[in-house]
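Note: the block below is structure21.txt and it holds compact mmCIF, C-alpha atoms.
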```
# COMPACT_ATOMS: atom_id res chain seq x y z
CA MET M 1 3.83 25.77 -116.72
CA ARG M 2 6.05 23.12 -115.19
CA LEU M 3 9.10 24.76 -116.78
CA ALA M 4 8.20 28.15 -115.26
CA CYS M 5 7.86 26.67 -111.75
CA PHE M 6 11.28 24.97 -112.12
CA PHE M 7 13.05 28.24 -113.03
CA LEU M 8 11.34 30.05 -110.15
CA ALA M 9 12.59 27.47 -107.63
CA VAL M 10 16.16 27.64 -108.95
CA THR M 11 16.09 31.43 -108.72
CA LEU M 12 14.97 31.34 -105.06
CA LEU M 13 17.73 28.89 -104.12
CA LEU M 14 20.40 31.00 -105.77
CA PHE M 15 19.12 34.14 -104.08
CA ASN M 16 19.11 32.48 -100.65
CA GLY M 17 22.74 31.41 -100.96
CA LEU M 18 24.06 34.91 -101.71
CA PRO M 19 25.91 36.72 -98.78
CA LEU M 20 23.94 39.48 -97.03
CA GLU M 21 25.30 42.89 -96.41
CA ALA M 22 25.71 44.25 -92.82
CA GLN M 23 22.61 45.95 -91.58
CA THR M 24 21.98 48.17 -88.61
CA VAL M 25 19.14 47.10 -86.32
CA ARG M 26 17.28 49.69 -84.31
CA LEU M 27 16.48 48.54 -80.74
CA PRO M 28 13.54 49.88 -78.83
CA SER M 29 15.91 51.83 -76.61
CA SER M 30 18.01 54.78 -77.68
CA SER M 31 21.17 52.62 -78.07
CA THR M 32 22.26 51.31 -81.48
CA PHE M 33 23.46 47.75 -81.99
CA ASP M 34 26.06 47.31 -84.76
CA SER M 35 26.67 43.74 -85.88
CA ALA M 36 29.96 44.75 -87.45
CA THR M 37 31.49 46.10 -84.24
CA THR M 38 29.73 43.73 -81.74
CA PRO M 39 30.99 40.15 -81.64
CA PRO M 40 28.42 37.45 -82.27
CA PRO M 41 26.77 35.95 -79.18
CA ARG M 42 28.24 32.82 -77.71
CA TYR M 43 26.45 29.50 -77.77
CA GLY M 44 23.84 29.44 -75.04
CA SER M 45 23.65 33.22 -74.72
CA PRO M 46 20.25 34.85 -74.88
CA PRO M 47 19.20 36.16 -78.28
CA VAL M 48 20.03 39.67 -79.20
CA GLY M 49 17.43 42.12 -78.02
CA THR M 50 16.35 39.98 -75.00
CA TYR M 51 16.90 40.64 -71.29
CA ASP M 52 20.29 39.47 -69.97
CA PRO M 53 20.62 39.64 -66.13
CA SER M 54 24.44 39.48 -66.38
CA ASN M 55 24.50 42.77 -68.30
CA VAL M 56 22.33 44.62 -65.77
CA PRO M 57 24.48 47.22 -64.02
CA PRO M 58 24.47 47.05 -60.19
CA SER M 59 22.04 49.27 -58.41
CA THR M 60 23.42 52.27 -56.66
CA SER M 61 20.84 51.97 -53.84
CA THR M 62 21.54 49.59 -50.89
CA PHE M 63 19.00 47.71 -48.74
CA ASP M 64 19.61 47.48 -45.02
CA PRO M 65 17.55 44.64 -43.48
CA TYR M 66 18.13 46.01 -39.99
CA ALA M 67 16.98 49.48 -40.85
CA THR M 68 13.71 50.61 -39.37
CA GLN M 69 10.91 50.13 -41.86
CA PRO M 70 7.68 52.05 -41.80
CA PRO M 71 4.89 49.97 -40.21
CA ILE M 72 2.17 48.54 -42.34
CA VAL M 73 -1.11 50.29 -41.78
CA GLY M 74 -3.47 48.15 -39.69
CA VAL M 75 -0.85 45.53 -38.70
CA GLN M 76 1.43 45.87 -35.66
CA PRO M 77 4.24 43.29 -35.74
CA PRO M 78 5.40 41.86 -32.40
CA ALA M 79 8.53 43.29 -30.88
CA VAL M 80 11.36 40.74 -31.12
CA GLU M 81 14.85 41.44 -29.88
CA LEU M 82 17.79 40.51 -32.04
CA GLY M 83 19.32 37.14 -31.15
CA THR M 84 16.12 35.75 -29.60
CA PRO M 85 15.56 32.13 -30.76
CA LEU M 86 12.32 31.50 -32.50
CA VAL M 87 9.85 29.31 -30.54
CA PRO M 88 7.11 27.43 -32.42
CA LEU M 89 3.59 28.33 -31.47
CA GLU M 90 1.81 25.87 -29.19
CA THR M 91 -1.61 24.78 -30.27
CA GLU M 92 -4.30 23.16 -28.16
CA PRO M 93 -4.92 19.46 -28.91
CA ILE M 94 -8.23 18.48 -30.37
CA LEU M 95 -8.84 15.96 -27.56
CA ALA M 96 -8.48 17.07 -23.93
CA ILE M 97 -7.50 13.59 -22.69
CA PRO M 98 -3.86 13.63 -21.56
CA PRO M 99 -1.57 10.81 -22.66
CA LEU M 100 -0.94 7.81 -20.40
CA THR M 101 2.81 7.98 -20.88
CA TYR M 102 4.95 8.28 -17.80
CA VAL M 103 5.97 11.82 -16.95
CA PRO M 104 8.90 11.93 -14.51
CA GLN M 105 8.08 14.49 -11.88
CA VAL M 106 9.91 15.19 -8.66
CA PRO M 107 7.24 15.23 -5.94
CA THR M 108 6.87 18.37 -3.90
CA ASN M 109 5.97 16.33 -0.81
CA TRP M 110 8.61 13.93 0.46
CA TRP M 111 6.98 12.79 3.72
CA GLU M 112 3.47 11.46 4.25
CA ILE M 113 1.90 10.97 7.69
CA TYR M 114 -1.62 9.56 7.89
CA GLY M 115 -4.22 8.21 10.30
CA ASP M 116 -7.15 5.92 9.51
CA PHE M 117 -10.42 5.38 11.31
CA MET M 118 -11.86 1.89 10.70
CA TYR M 119 -15.40 0.80 11.56
CA LEU M 120 -15.34 -2.97 11.02
CA ARG M 121 -17.47 -6.02 11.77
CA PRO M 122 -16.60 -9.75 11.55
CA SER M 123 -18.79 -11.90 9.32
CA SER M 124 -21.39 -14.35 10.61
CA SER M 125 -18.79 -17.14 10.53
CA ALA M 126 -17.39 -15.67 13.74
CA ALA M 127 -20.75 -15.86 15.55
CA VAL M 128 -21.28 -18.58 18.19
CA ASP M 129 -24.64 -20.22 18.98
CA PHE M 130 -24.79 -20.83 22.75
CA ALA M 131 -28.40 -21.56 23.85
CA VAL M 132 -31.78 -22.78 22.62
CA PRO M 133 -35.20 -22.76 24.40
CA ILE M 134 -36.75 -26.26 24.65
CA ASN M 135 -39.94 -27.84 26.02
CA GLY M 136 -39.00 -28.86 29.54
CA ALA M 137 -42.34 -30.46 30.31
CA ILE M 138 -41.46 -33.60 28.32
CA VAL M 139 -40.25 -36.25 30.77
CA PRO M 140 -37.89 -37.81 29.99
CA PRO M 141 -36.66 -35.25 27.44
CA PRO M 142 -36.02 -36.73 23.99
CA THR M 143 -32.63 -36.62 22.26
CA PRO M 144 -32.35 -34.10 20.79
CA PRO M 145 -34.80 -32.02 22.83
CA VAL M 146 -37.76 -30.28 21.22
CA PRO M 147 -36.93 -26.58 20.56
CA VAL M 148 -39.68 -24.02 21.22
CA GLY M 149 -37.82 -20.83 20.38
CA PRO M 150 -35.06 -19.37 18.18
CA VAL M 151 -31.41 -20.22 18.71
CA VAL M 152 -29.62 -17.55 20.76
CA ALA M 153 -26.22 -16.48 19.42
CA VAL M 154 -23.58 -13.92 20.19
CA ASP M 155 -23.15 -12.14 16.87
CA PRO M 156 -20.26 -9.70 16.40
CA ARG M 157 -21.14 -6.11 15.61
CA TYR M 158 -19.33 -3.05 14.33
CA ASN M 159 -16.46 -1.76 16.41
CA ALA M 160 -13.90 1.00 15.90
CA GLY M 161 -10.25 0.57 15.00
CA PHE M 162 -7.35 2.79 13.99
CA ARG M 163 -4.28 2.77 11.77
CA PHE M 164 -1.25 5.08 11.88
CA GLY M 165 1.53 5.20 9.32
CA PHE M 166 4.09 7.19 7.38
CA SER M 167 6.01 6.96 4.11
CA TYR M 168 9.08 8.64 2.67
CA HIS M 169 9.75 9.30 -1.04
CA THR M 170 13.30 8.31 -1.93
CA SER M 171 12.73 9.42 -5.56
CA HIS M 172 9.93 10.47 -7.86
CA VAL M 173 8.91 6.81 -8.38
CA THR M 174 9.88 5.01 -5.14
CA GLN M 175 8.85 5.32 -1.52
CA TRP M 176 9.20 3.39 1.74
CA GLY M 177 6.69 3.26 4.55
CA ALA M 178 5.36 1.50 7.63
CA SER M 179 2.03 1.35 9.43
CA TYR M 180 0.47 -0.08 12.59
CA SER M 181 -3.19 -1.14 12.74
CA PHE M 182 -5.24 -2.25 15.73
CA TRP M 183 -8.88 -3.16 16.04
CA GLU M 184 -10.75 -4.42 19.08
CA GLY M 185 -14.32 -5.63 19.21
CA SER M 186 -16.59 -7.04 21.87
CA THR M 187 -20.20 -8.26 21.77
CA GLN M 188 -22.40 -9.88 24.38
CA ASN M 189 -25.89 -11.36 24.49
CA SER M 190 -28.14 -12.91 27.14
CA VAL M 191 -31.46 -14.74 27.41
CA SER M 192 -33.79 -15.66 30.29
CA VAL M 193 -37.01 -17.70 30.61
CA ASP M 194 -39.89 -17.57 33.09
CA PRO M 195 -39.48 -20.30 35.71
CA LEU M 196 -43.28 -20.62 35.95
CA THR M 197 -43.52 -21.90 32.37
CA SER M 198 -42.44 -25.20 30.86
CA THR M 199 -39.78 -23.51 28.68
CA VAL M 200 -36.17 -23.97 29.77
CA LEU M 201 -32.77 -23.32 28.22
CA ARG M 202 -30.41 -25.97 26.94
CA SER M 203 -26.70 -25.19 26.38
CA LEU M 204 -25.07 -25.59 22.95
CA THR M 205 -21.53 -25.08 24.23
CA ILE M 206 -21.35 -27.56 27.14
CA HIS M 207 -19.62 -30.82 26.29
CA PRO M 208 -22.28 -33.49 25.57
CA GLY M 209 -20.40 -36.11 27.62
CA THR M 210 -20.63 -34.20 30.93
CA THR M 211 -23.40 -34.33 33.52
CA ALA M 212 -24.41 -30.73 32.89
CA ALA M 213 -25.21 -31.51 29.23
CA ASP M 214 -28.73 -32.66 30.16
CA SER M 215 -29.30 -29.88 32.66
CA ASN M 216 -31.96 -27.25 32.17
CA PHE M 217 -31.15 -23.62 32.81
CA LEU M 218 -33.14 -20.45 33.34
CA ASP M 219 -30.51 -17.85 32.41
CA ALA M 220 -27.70 -17.80 29.86
CA SER M 221 -25.23 -15.18 28.70
CA ALA M 222 -22.25 -15.13 26.36
CA ASN M 223 -19.50 -12.74 25.35
CA ILE M 224 -17.09 -12.73 22.41
CA SER M 225 -14.16 -10.37 21.89
CA TYR M 226 -11.49 -9.80 19.23
CA ASP M 227 -8.06 -8.23 19.27
CA LEU M 228 -6.30 -7.55 15.95
CA ASP M 229 -2.81 -6.05 15.57
CA LEU M 230 -0.98 -5.57 12.25
CA ILE M 231 2.44 -4.16 11.43
CA ASP M 232 3.12 -3.53 7.72
CA ILE M 233 6.43 -2.49 6.16
CA ASP M 234 6.02 -1.55 2.51
CA TYR M 235 7.85 -0.44 -0.62
CA ARG M 236 6.01 1.27 -3.49
CA TYR M 237 7.12 1.78 -7.09
CA ALA M 238 5.19 3.98 -9.55
CA LEU M 239 4.44 1.94 -12.66
CA LEU M 240 2.36 4.74 -14.21
CA HIS M 241 2.27 8.41 -13.29
CA SER M 242 0.36 10.89 -15.43
CA SER M 243 -1.67 13.98 -14.68
CA TRP M 244 -4.84 11.95 -14.10
CA LEU M 245 -3.87 8.29 -13.58
CA VAL M 246 -1.47 6.75 -11.05
CA ALA M 247 -0.61 3.06 -10.59
CA LYS M 248 1.82 1.74 -7.98
CA LEU M 249 3.30 -1.66 -7.27
CA TYR M 250 3.26 -2.61 -3.59
CA ALA M 251 5.65 -5.09 -1.93
CA GLY M 252 6.50 -5.57 1.70
CA GLY M 253 6.10 -7.61 4.86
CA ARG M 254 3.33 -8.13 7.41
CA PHE M 255 3.28 -9.23 11.04
CA ALA M 256 -0.18 -10.31 12.26
CA HIS M 257 -1.68 -11.06 15.66
CA LEU M 258 -5.35 -12.05 16.12
CA ASN M 259 -7.08 -13.25 19.29
CA GLN M 260 -10.67 -14.53 19.53
CA ASP M 261 -12.03 -15.10 23.04
CA PHE M 262 -15.43 -16.62 23.86
CA SER M 263 -17.12 -17.31 27.18
CA SER M 264 -20.64 -18.41 28.22
CA THR M 265 -22.38 -18.80 31.58
CA PHE M 266 -25.51 -20.90 32.35
CA THR M 267 -27.34 -20.75 35.67
CA ASN M 268 -30.36 -22.31 37.37
CA THR M 269 -31.42 -22.48 41.01
CA THR M 270 -28.43 -24.62 42.01
CA THR M 271 -25.86 -24.79 39.21
CA VAL M 272 -23.47 -22.38 37.52
CA GLU M 273 -21.79 -23.78 34.39
CA GLN M 274 -19.12 -21.88 32.45
CA VAL M 275 -17.55 -22.61 29.04
CA SER M 276 -14.68 -20.66 27.49
CA SER M 277 -12.63 -21.00 24.31
CA GLN M 278 -9.79 -19.04 22.74
CA VAL M 279 -8.19 -18.96 19.30
CA HIS M 280 -4.84 -17.19 18.95
CA PHE M 281 -2.69 -16.65 15.88
CA ASP M 282 0.72 -15.00 15.48
CA GLY M 283 2.75 -14.95 12.28
CA GLY M 284 4.60 -13.02 9.63
CA GLY M 285 5.05 -13.11 5.88
CA ILE M 286 5.11 -11.23 2.61
CA ARG M 287 2.56 -8.80 1.20
CA LEU M 288 2.05 -7.87 -2.47
CA GLY M 289 -0.45 -5.59 -4.13
CA LEU M 290 -1.44 -2.85 -6.55
CA GLU M 291 -2.67 0.67 -5.86
CA GLY M 292 -4.46 2.87 -8.37
CA GLU M 293 -5.87 6.40 -8.49
CA MET M 294 -7.91 8.26 -11.07
CA HIS M 295 -7.87 12.02 -10.55
CA LEU M 296 -10.96 14.02 -11.43
CA ARG M 297 -11.62 17.75 -11.35
CA HIS M 298 -11.39 20.12 -8.39
CA GLY M 299 -9.00 17.84 -6.51
CA PHE M 300 -11.31 14.81 -6.29
CA PHE M 301 -10.08 11.32 -7.13
CA LEU M 302 -11.15 7.68 -7.07
CA TYR M 303 -8.88 5.02 -5.64
CA SER M 304 -8.68 1.24 -5.50
CA ASN M 305 -6.20 -0.89 -3.56
CA GLY M 306 -5.74 -4.65 -3.55
CA TYR M 307 -3.27 -6.66 -1.48
CA THR M 308 -2.49 -10.34 -0.93
CA SER M 309 -0.55 -11.52 2.13
CA PHE M 310 0.88 -14.94 2.90
CA VAL M 311 1.44 -15.08 6.66
CA ALA M 312 3.07 -18.12 8.20
CA GLY M 313 2.54 -18.67 11.91
CA ARG M 314 1.20 -20.85 14.68
CA MET M 315 -2.48 -21.17 15.49
CA HIS M 316 -3.42 -22.17 19.01
CA ALA M 317 -6.93 -22.99 20.31
CA SER M 318 -8.17 -24.06 23.73
CA TYR M 319 -11.43 -25.16 25.38
CA SER M 320 -12.38 -25.44 29.03
CA GLN M 321 -15.54 -26.11 31.07
CA GLN M 322 -16.10 -25.48 34.81
CA ASP M 323 -19.02 -25.70 37.25
CA ASN M 324 -19.55 -24.65 40.84
CA PHE M 325 -19.42 -28.24 42.15
CA ALA M 326 -16.66 -30.15 40.33
CA GLY M 327 -14.51 -27.26 39.18
CA THR M 328 -12.82 -27.89 35.81
CA VAL M 329 -14.46 -30.83 34.04
CA VAL M 330 -13.06 -30.33 30.50
CA ASN M 331 -9.73 -28.81 29.56
CA THR M 332 -8.09 -29.31 26.18
CA ALA M 333 -6.00 -27.44 23.60
CA TRP M 334 -4.98 -27.74 19.98
CA ALA M 335 -2.17 -26.11 17.98
CA GLU M 336 -0.95 -26.21 14.39
CA ASN M 337 1.42 -24.35 12.11
CA ARG M 338 -0.46 -22.57 9.33
CA ILE M 339 0.06 -20.40 6.29
CA VAL M 340 -2.82 -17.95 6.30
CA PRO M 341 -3.57 -16.13 3.02
CA ILE M 342 -5.07 -12.68 3.62
CA LEU M 343 -6.90 -10.71 0.93
CA ASP M 344 -7.42 -6.97 1.47
CA ILE M 345 -9.48 -4.82 -0.92
CA GLU M 346 -10.35 -1.14 -0.55
CA LEU M 347 -12.43 1.14 -2.80
CA GLY M 348 -13.28 4.78 -2.22
CA ILE M 349 -13.19 8.45 -3.11
CA GLY M 350 -10.93 11.24 -1.90
CA TRP M 351 -9.96 14.89 -2.16
CA LEU M 352 -6.53 16.51 -2.49
CA SER M 353 -6.00 20.13 -1.41
CA PRO M 354 -4.76 22.66 -4.04
CA ALA M 355 -1.40 22.94 -2.27
CA ARG M 356 -1.17 19.10 -2.18
CA HIS M 357 -0.50 19.06 1.55
CA TRP M 358 -3.79 17.59 2.79
CA ARG M 359 -5.45 14.47 1.48
CA LEU M 360 -8.82 13.14 2.71
CA SER M 361 -10.44 9.88 1.63
CA ALA M 362 -13.20 7.47 2.62
CA GLY M 363 -14.22 4.07 1.32
CA TYR M 364 -15.20 0.46 1.87
CA VAL M 365 -12.67 -2.13 3.05
CA PHE M 366 -12.77 -5.94 2.93
CA SER M 367 -10.30 -8.28 4.66
CA GLY M 368 -10.56 -12.05 4.36
CA TRP M 369 -8.38 -14.45 6.39
CA ASN M 370 -8.45 -17.92 4.83
CA ASN M 371 -7.32 -21.26 6.31
CA PHE M 372 -8.26 -19.92 9.73
CA THR M 373 -10.01 -21.31 12.83
CA SER M 374 -12.85 -19.77 14.82
CA ASN M 375 -14.34 -20.40 18.27
CA LYS M 376 -17.26 -22.13 16.61
CA ASP M 377 -14.82 -24.58 15.01
CA ILE M 378 -12.98 -25.49 18.18
CA ILE M 379 -16.22 -25.97 20.16
CA ARG M 380 -17.58 -28.30 17.48
CA ALA M 381 -14.28 -30.20 17.31
CA VAL M 382 -14.26 -30.78 21.10
CA HIS M 383 -17.88 -31.95 21.06
CA THR M 384 -17.34 -34.41 18.19
CA GLY M 385 -13.73 -35.39 18.86
CA ASN M 386 -12.75 -34.54 15.24
CA TYR M 387 -9.92 -32.01 14.97
CA ASP M 388 -9.23 -32.48 11.28
CA SER M 389 -11.76 -29.94 9.98
CA LEU M 390 -10.51 -26.81 11.74
CA HIS M 391 -10.41 -24.76 8.54
CA ASP M 392 -12.61 -21.71 8.23
CA ALA M 393 -12.49 -18.07 7.10
CA PHE M 394 -12.37 -14.99 9.28
CA ILE M 395 -13.76 -12.01 7.36
CA LEU M 396 -13.84 -8.33 8.28
CA ASP M 397 -15.62 -5.60 6.33
CA GLY M 398 -16.74 -2.07 6.95
CA LEU M 399 -15.95 1.59 6.38
CA THR M 400 -12.67 3.43 6.55
CA ALA M 401 -11.67 7.11 6.48
CA ARG M 402 -8.18 8.62 6.20
CA ALA M 403 -6.61 12.00 6.88
CA GLU M 404 -3.13 12.48 5.42
CA PHE M 405 -0.62 15.31 5.67
CA ARG M 406 2.24 15.70 3.18
CA PHE M 407 5.32 17.85 3.57
```
Please re-express this file's structure in structure tokens.
Amino acid sequence: MRLACFFLAVTLLLFNGLPLEAQTVRLPSSSTFDSATTPPPRYGSPPVGTYDPSNVPPSTSTFDPYATQPPIVGVQPPAVELGTPLVPLETEPILAIPPLTYVPQVPTNWWEIYGDFMYLRPSSSAAVDFAVPINGAIVPPPTPPVPVGPVVAVDPRYNAGFRFGFSYHTSHVTQWGASYSFWEGSTQNSVSVDPLTSTVLRSLTIHPGTTAADSNFLDASANISYDLDLIDIDYRYALLHSSWLVAKLYAGGRFAHLNQDFSSTFTNTTTVEQVSSQVHFDGGGIRLGLEGEMHLRHGFFLYSNGYTSFVAGRMHASYSQQDNFAGTVVNTAWAENRIVPILDIELGIGWLSPARHWRLSAGYVFSGWNNFTSNKDIIRAVHTGNYDSLHDAFILDGLTARAEFRF
């Protein structure tokens, strides 16, 4: 059995080593491939009988990409002219909040002219107490006398003021401007007592060292007035300017003038006593600040402005007292160089017209003058003889409204 298998294997090896005769292979097509007449394929060539793209004859038909093609049913392609650059489609962002990046825009309005109406009132620190009802039946009157009624004061009230200004845009981020503000206020008060009663009036403004200090009066009146003038020259630079948020840096100069005048008159059957005091300040300095706006829909916007001024000037105060017998009995004055810090804050809402020519706004304004002197301070200093504590604050607050035209 083993011998038979050995002979079979030897026979197969001998048969496999014999040369084969040329054969003709029939291809699926009508052409006949003859291995005797066709050279053998090169190394790397596709096997015989497979598709060879290099042997495919060129097509006799030509394709013209610019030729008019029949439209696809149901789809109408857009008409595009040859040579037109392709523009990528714009898509809406998921969030509607615009970015806060600066967008340089040349403003359409180069000039701004505006006018403000201000309805302001000084704080209670500017009020002056001038009279108090006392019990005149006590003889001799004690020191201090016994009050029998409320203290009578002249308390400032709201008064109107105005501001006019303009600005010019030198570029899309810078502008220059100037404004003039004036505000005047006046308030008066009076009090009288029945001469048939034991109640009389005692003055709080007459110098305690004079004869009239212990006098009793039946009628008293007082008046206080204010005169404020401001000239501001400003430069603004846009730190941030987007479609809904604007922030500007403010720098400039300020010239300030403020007068406070007080007068009181006391009368009885024989005497007329008058007291007057004035506080004047004039100065100039620098002014810095920030301005911001947040634009809403339909032209509405919110705004907030904050400024700090450092005004150096001279403060002058005076006090005088006269009566109908001796004439002037007290006359003194005081003056000092001061640096007055001024803080201005304004908050409000406004509306901008669609053509951006008209701008209307209204808000609340606060103005605080620190390291200042009031009539109350100078009267107390003259009465006590101490002029070292003439440091107070003069505060204004109220409403403001602006109309602005841009062109």
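Among M:Leu239, M:Ala127, M:Val173, M:Ala333, the residue with the shortest atom-to-atom distance to Ser186 of chain M, counting only C-alpha atoms, is M:Ala127.
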Exercise. Between M:Asp323, M:Asp377, M:Asp214, M:Asp397, which has the minimum distance to Ala126 of chain M (counting all atoms listed in the file)?
Worked result: M:Asp377
For this session: To one decimal in Å, tell me the separation between atom CA of Leu120 of chain M and atom CA of Ser192 of chain M.
Result: 29.5 Å
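Atom pair atom CA of Tyr364 of chain M / atom CA of Ala403 of chain M: separated by 15.2 Å.
The gap separating atom CA of Val191 of chain M from atom CA of Gly385 of chain M is 28.5 Å, in Å to one decimal.
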Please write as a PDB file with C-alpha atoms, keeping the file's coordinate frame the list of polymer residues whose atoms come within 10 Å of (-7.9, -4.1, 14.2), counting all atoms listed in the file and keeping to the coordinates of the file.
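And here's point.pdb as it stands now:
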```
ATOM      1  CA  MET M 118     -11.860   1.890  10.700  1.00  0.00           C
ATOM      2  CA  TYR M 119     -15.400   0.800  11.560  1.00  0.00           C
ATOM      3  CA  LEU M 120     -15.340  -2.970  11.020  1.00  0.00           C
ATOM      4  CA  ASN M 159     -16.460  -1.760  16.410  1.00  0.00           C
ATOM      5  CA  ALA M 160     -13.900   1.000  15.900  1.00  0.00           C
ATOM      6  CA  GLY M 161     -10.250   0.570  15.000  1.00  0.00           C
ATOM      7  CA  PHE M 162      -7.350   2.790  13.990  1.00  0.00           C
ATOM      8  CA  ARG M 163      -4.280   2.770  11.770  1.00  0.00           C
ATOM      9  CA  TYR M 180       0.470  -0.080  12.590  1.00  0.00           C
ATOM     10  CA  SER M 181      -3.190  -1.140  12.740  1.00  0.00           C
ATOM     11  CA  PHE M 182      -5.240  -2.250  15.730  1.00  0.00           C
ATOM     12  CA  TRP M 183      -8.880  -3.160  16.040  1.00  0.00           C
ATOM     13  CA  GLU M 184     -10.750  -4.420  19.080  1.00  0.00           C
ATOM     14  CA  GLY M 185     -14.320  -5.630  19.210  1.00  0.00           C
ATOM     15  CA  TYR M 226     -11.490  -9.800  19.230  1.00  0.00           C
ATOM     16  CA  ASP M 227      -8.060  -8.230  19.270  1.00  0.00           C
ATOM     17  CA  LEU M 228      -6.300  -7.550  15.950  1.00  0.00           C
ATOM     18  CA  ASP M 229      -2.810  -6.050  15.570  1.00  0.00           C
ATOM     19  CA  LEU M 230      -0.980  -5.570  12.250  1.00  0.00           C
ATOM     20  CA  HIS M 257      -1.680 -11.060  15.660  1.00  0.00           C
ATOM     21  CA  LEU M 258      -5.350 -12.050  16.120  1.00  0.00           C
ATOM     22  CA  LEU M 396     -13.840  -8.330   8.280  1.00  0.00           C
TER      23      LEU M 396
END
```
Problem set entry | Non-local contacts of Ser320 of chain M (12 Å; all atoms listed in the file; under 6 positions in same chain excluded) as an MDAnalysis selection string | chainID M and resid 205:207 261:264 273:278 327:334 378:379 382:383
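Among M:Thr270, M:Val152, M:Tyr235, M:Leu245, the residue with the shortest atom-to-atom distance to Ala222 of chain M, counting all atoms listed in the file, is M:Val152.
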Problem set entry | Close residues, Pro144 of chain M itself excluded, 12 Å, all atoms listed in the file, min 4 positions apart in chain, as a ChimeraX atom specification | /M:132,134-135,138,140,202-204,208,213-214
Exercise. Which residues, written as a list in words, have at least one atom at most 12 Å from Phe366 of chain M, with only C-alpha atoms counted and residues fewer than 6 positions away on the same chain left out?
Worked result: Met118, Tyr119, Leu120, Arg121, Pro122, Ser123, Ser304, Asn305, Gly306, Tyr307, Thr308, Ile342, Leu343, Asp344, Ile345, Glu346, Leu347, Gly348, Phe394, Ile395, Leu396, Asp397, Gly398, Leu399 and Thr400 of chain M
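When all atoms listed in the file are used to measure the gap to Asp116 of chain M, the shortest distance among M:Gly285, M:Pro354, M:Gly165, M:Pro341 belongs to M:Gly165.
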Exercise. Quick one: residues within 9 Å of Ala238 of chain M, only C-alpha atoms counted, chain neighbours fewer than 3 positions away excluded, as number ranges by chain?
Worked result: M: 172-175, 241, 246-249
For this session: Do a neighbour search on Leu360 of chain M at 10 Å with only C-alpha atoms, toss out local chain neighbours closer than 2 positions, and write the hits as a PyMOL selection string.
Result: chain M and resi 114+300+349-353+358+362+401-405
Padded axis-aligned box of segment 275-287 of chain M (3 Å per side), centre and edge lengths, Å, one decimal, as lines of an AutoDock Vina configuration file:
```
center_x = -6.2
center_y = -15.7
center_z = 15.1
size_x = 28.7
size_y = 19.8
size_z = 33.8
```
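For the set M:His357, M:Asn189, M:Leu296, M:Ala137, the residue with the smallest atom-to-atom gap to Ser243 of chain M is M:Leu296, counting only C-alpha atoms.
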